[in-house]
Amino acid sequence: GPVPGGIGEQRFIPLFGRLSRDFGATSVDLYAAALVNGRLTVKNDNGIELAREDYETAPALGLTIRHRF
C-alpha cells in the first residue's frame, strides 16, 4: 500500500432512528442514519500523522418488510 506498516483510522458520530408500523401479519421498519463529524487519518508505523481528511455528513436509509404466514 501507499504507507507500508501504516495505520488508517476513521472516526465519526453515528445518529440513527427507526419508524415501525404493523399491518396485521405484515410489519414495516424504516431506518434513517447519518454519520456526522467524519474524519479519516493515516499514520505511519511510528504513529506520526501523514494525512487527515474531514468529510461531510453521510446519510443512509434502510427498509425491512416482514410478513408472517
# chains A, B, ... in the order shown; residues from 1 in each chain; ligands from 1

$ residues_around --residues "range 60-67 of chain A" --least-positions-apart "3" --cutoff "8 Å" --atoms "only C-alpha atoms" --output "NGL selection string"
:A and (25-34)

$ write_last_selection --atoms "N, CA, C and O atoms" --output "PDB file, in the first residue's frame"
ATOM      1  N   ALA A  25     -50.488  -9.061   9.779  1.00  0.00           N
ATOM      2  CA  ALA A  25     -49.407 -10.040   9.667  1.00  0.00           C
ATOM      3  C   ALA A  25     -48.148  -9.445   9.042  1.00  0.00           C
ATOM      4  O   ALA A  25     -47.122 -10.101   8.972  1.00  0.00           O
ATOM      5  N   THR A  26     -48.220  -8.215   8.594  1.00  0.00           N
ATOM      6  CA  THR A  26     -47.076  -7.569   7.953  1.00  0.00           C
ATOM      7  C   THR A  26     -46.595  -6.401   8.810  1.00  0.00           C
ATOM      8  O   THR A  26     -47.393  -5.639   9.339  1.00  0.00           O
ATOM      9  N   SER A  27     -45.280  -6.290   8.924  1.00  0.00           N
ATOM     10  CA  SER A  27     -44.709  -5.144   9.632  1.00  0.00           C
ATOM     11  C   SER A  27     -43.624  -4.503   8.762  1.00  0.00           C
ATOM     12  O   SER A  27     -42.945  -5.177   7.981  1.00  0.00           O
ATOM     13  N   VAL A  28     -43.492  -3.199   8.902  1.00  0.00           N
ATOM     14  CA  VAL A  28     -42.543  -2.423   8.109  1.00  0.00           C
ATOM     15  C   VAL A  28     -41.699  -1.568   9.052  1.00  0.00           C
ATOM     16  O   VAL A  28     -42.236  -0.934   9.961  1.00  0.00           O
ATOM     17  N   ASP A  29     -40.390  -1.585   8.855  1.00  0.00           N
ATOM     18  CA  ASP A  29     -39.461  -0.744   9.614  1.00  0.00           C
ATOM     19  C   ASP A  29     -38.680   0.119   8.628  1.00  0.00           C
ATOM     20  O   ASP A  29     -38.122  -0.391   7.659  1.00  0.00           O
ATOM     21  N   LEU A  30     -38.639   1.404   8.888  1.00  0.00           N
ATOM     22  CA  LEU A  30     -37.852   2.337   8.086  1.00  0.00           C
ATOM     23  C   LEU A  30     -36.741   2.887   8.972  1.00  0.00           C
ATOM     24  O   LEU A  30     -37.001   3.383  10.068  1.00  0.00           O
ATOM     25  N   TYR A  31     -35.510   2.770   8.504  1.00  0.00           N
ATOM     26  CA  TYR A  31     -34.345   3.231   9.250  1.00  0.00           C
ATOM     27  C   TYR A  31     -33.722   4.418   8.520  1.00  0.00           C
ATOM     28  O   TYR A  31     -33.608   4.416   7.297  1.00  0.00           O
ATOM     29  N   ALA A  32     -33.306   5.420   9.277  1.00  0.00           N
ATOM     30  CA  ALA A  32     -32.573   6.560   8.723  1.00  0.00           C
ATOM     31  C   ALA A  32     -31.343   6.774   9.601  1.00  0.00           C
ATOM     32  O   ALA A  32     -31.404   6.663  10.828  1.00  0.00           O
ATOM     33  N   ALA A  33     -30.216   7.042   8.955  1.00  0.00           N
ATOM     34  CA  ALA A  33     -28.973   7.219   9.699  1.00  0.00           C
ATOM     35  C   ALA A  33     -28.145   8.323   9.069  1.00  0.00           C
ATOM     36  O   ALA A  33     -28.321   8.669   7.905  1.00  0.00           O
ATOM     37  N   ALA A  34     -27.239   8.869   9.862  1.00  0.00           N
ATOM     38  CA  ALA A  34     -26.287   9.870   9.376  1.00  0.00           C
ATOM     39  C   ALA A  34     -24.980   9.676  10.139  1.00  0.00           C
ATOM     40  O   ALA A  34     -24.978   9.456  11.351  1.00  0.00           O
TER      41      ALA A  34
END

$ residues_around --residues "Glu53 in chain A" --least-positions-apart "3" --cutoff "7 Å" --atoms "only C-alpha atoms" --output "list of chain:residue names"
A:Arg39, A:Leu40, A:Thr41

$ write_last_selection --atoms "N, CA, C and O atoms" --output "tab-separated table (two decimals), in the first residue's frame"
chain	number	residue	atom	x	y	z
A	39	ARG	N	-13.94	11.94	10.04
A	39	ARG	CA	-12.52	12.25	9.80
A	39	ARG	C	-11.77	10.95	9.51
A	39	ARG	O	-11.94	9.95	10.20
A	40	LEU	N	-10.93	10.98	8.49
A	40	LEU	CA	-10.07	9.86	8.14
A	40	LEU	C	-8.62	10.32	8.32
A	40	LEU	O	-8.24	11.36	7.79
A	41	THR	N	-7.83	9.57	9.08
A	41	THR	CA	-6.42	9.90	9.28
A	41	THR	C	-5.57	8.70	8.90
A	41	THR	O	-5.99	7.55	9.03

$ residues_around --residues "Asp45 in chain A" --least-positions-apart "4" --cutoff "12 Å" --atoms "only C-alpha atoms" --output "PDB file with N, CA, C and O atoms, in the first residue's frame"
ATOM      1  N   VAL A   3       1.346   3.403   2.365  1.00  0.00           N
ATOM      2  CA  VAL A   3       2.042   3.636   3.638  1.00  0.00           C
ATOM      3  C   VAL A   3       2.345   2.274   4.261  1.00  0.00           C
ATOM      4  O   VAL A   3       1.601   1.786   5.116  1.00  0.00           O
ATOM      5  N   PRO A   4       3.434   1.613   3.860  1.00  0.00           N
ATOM      6  CA  PRO A   4       3.742   0.292   4.422  1.00  0.00           C
ATOM      7  C   PRO A   4       3.869   0.341   5.939  1.00  0.00           C
ATOM      8  O   PRO A   4       4.548   1.204   6.494  1.00  0.00           O
ATOM      9  N   GLY A   5       3.175  -0.567   6.630  1.00  0.00           N
ATOM     10  CA  GLY A   5       3.195  -0.608   8.084  1.00  0.00           C
ATOM     11  C   GLY A   5       2.354   0.482   8.732  1.00  0.00           C
ATOM     12  O   GLY A   5       2.339   0.611   9.944  1.00  0.00           O
ATOM     13  N   GLY A   6       1.662   1.282   7.915  1.00  0.00           N
ATOM     14  CA  GLY A   6       0.871   2.394   8.443  1.00  0.00           C
ATOM     15  C   GLY A   6      -0.489   1.955   8.964  1.00  0.00           C
ATOM     16  O   GLY A   6      -0.894   0.807   8.848  1.00  0.00           O
ATOM     17  N   ILE A   7      -1.177   2.916   9.550  1.00  0.00           N
ATOM     18  CA  ILE A   7      -2.491   2.672  10.142  1.00  0.00           C
ATOM     19  C   ILE A   7      -3.465   3.727   9.634  1.00  0.00           C
ATOM     20  O   ILE A   7      -3.169   4.924   9.659  1.00  0.00           O
ATOM     21  N   GLY A   8      -4.642   3.282   9.169  1.00  0.00           N
ATOM     22  CA  GLY A   8      -5.722   4.185   8.796  1.00  0.00           C
ATOM     23  C   GLY A   8      -6.788   4.160   9.880  1.00  0.00           C
ATOM     24  O   GLY A   8      -7.098   3.112  10.444  1.00  0.00           O
ATOM     25  N   GLU A  49       1.234  11.363  12.141  1.00  0.00           N
ATOM     26  CA  GLU A  49       0.137  11.587  11.214  1.00  0.00           C
ATOM     27  C   GLU A  49       0.670  12.087   9.874  1.00  0.00           C
ATOM     28  O   GLU A  49       1.389  13.074   9.802  1.00  0.00           O
ATOM     29  N   LEU A  50       0.298  11.380   8.801  1.00  0.00           N
ATOM     30  CA  LEU A  50       0.742  11.740   7.459  1.00  0.00           C
ATOM     31  C   LEU A  50      -0.329  12.476   6.663  1.00  0.00           C
ATOM     32  O   LEU A  50      -0.011  13.311   5.825  1.00  0.00           O
TER      33      LEU A  50
END

$ select_by_dssp --residues "chain A" --states "strand (DSSP E or B)" --output "PyMOL selection string"
chain A and resi 7-23+26-43+49-55+58-67

$ atom_distance --atom1 "CA of Gln10 in chain A" --atom2 "CA of Ile48 in chain A"
15.7 Å

$ atom_distance --atom1 "CA of Leu35 in chain A" --atom2 "CA of Asp54 in chain A"
12.0 Å

$ atom_distance --atom1 "CA of Arg21 in chain A" --atom2 "CA of Arg68 in chain A"
14.2 Å
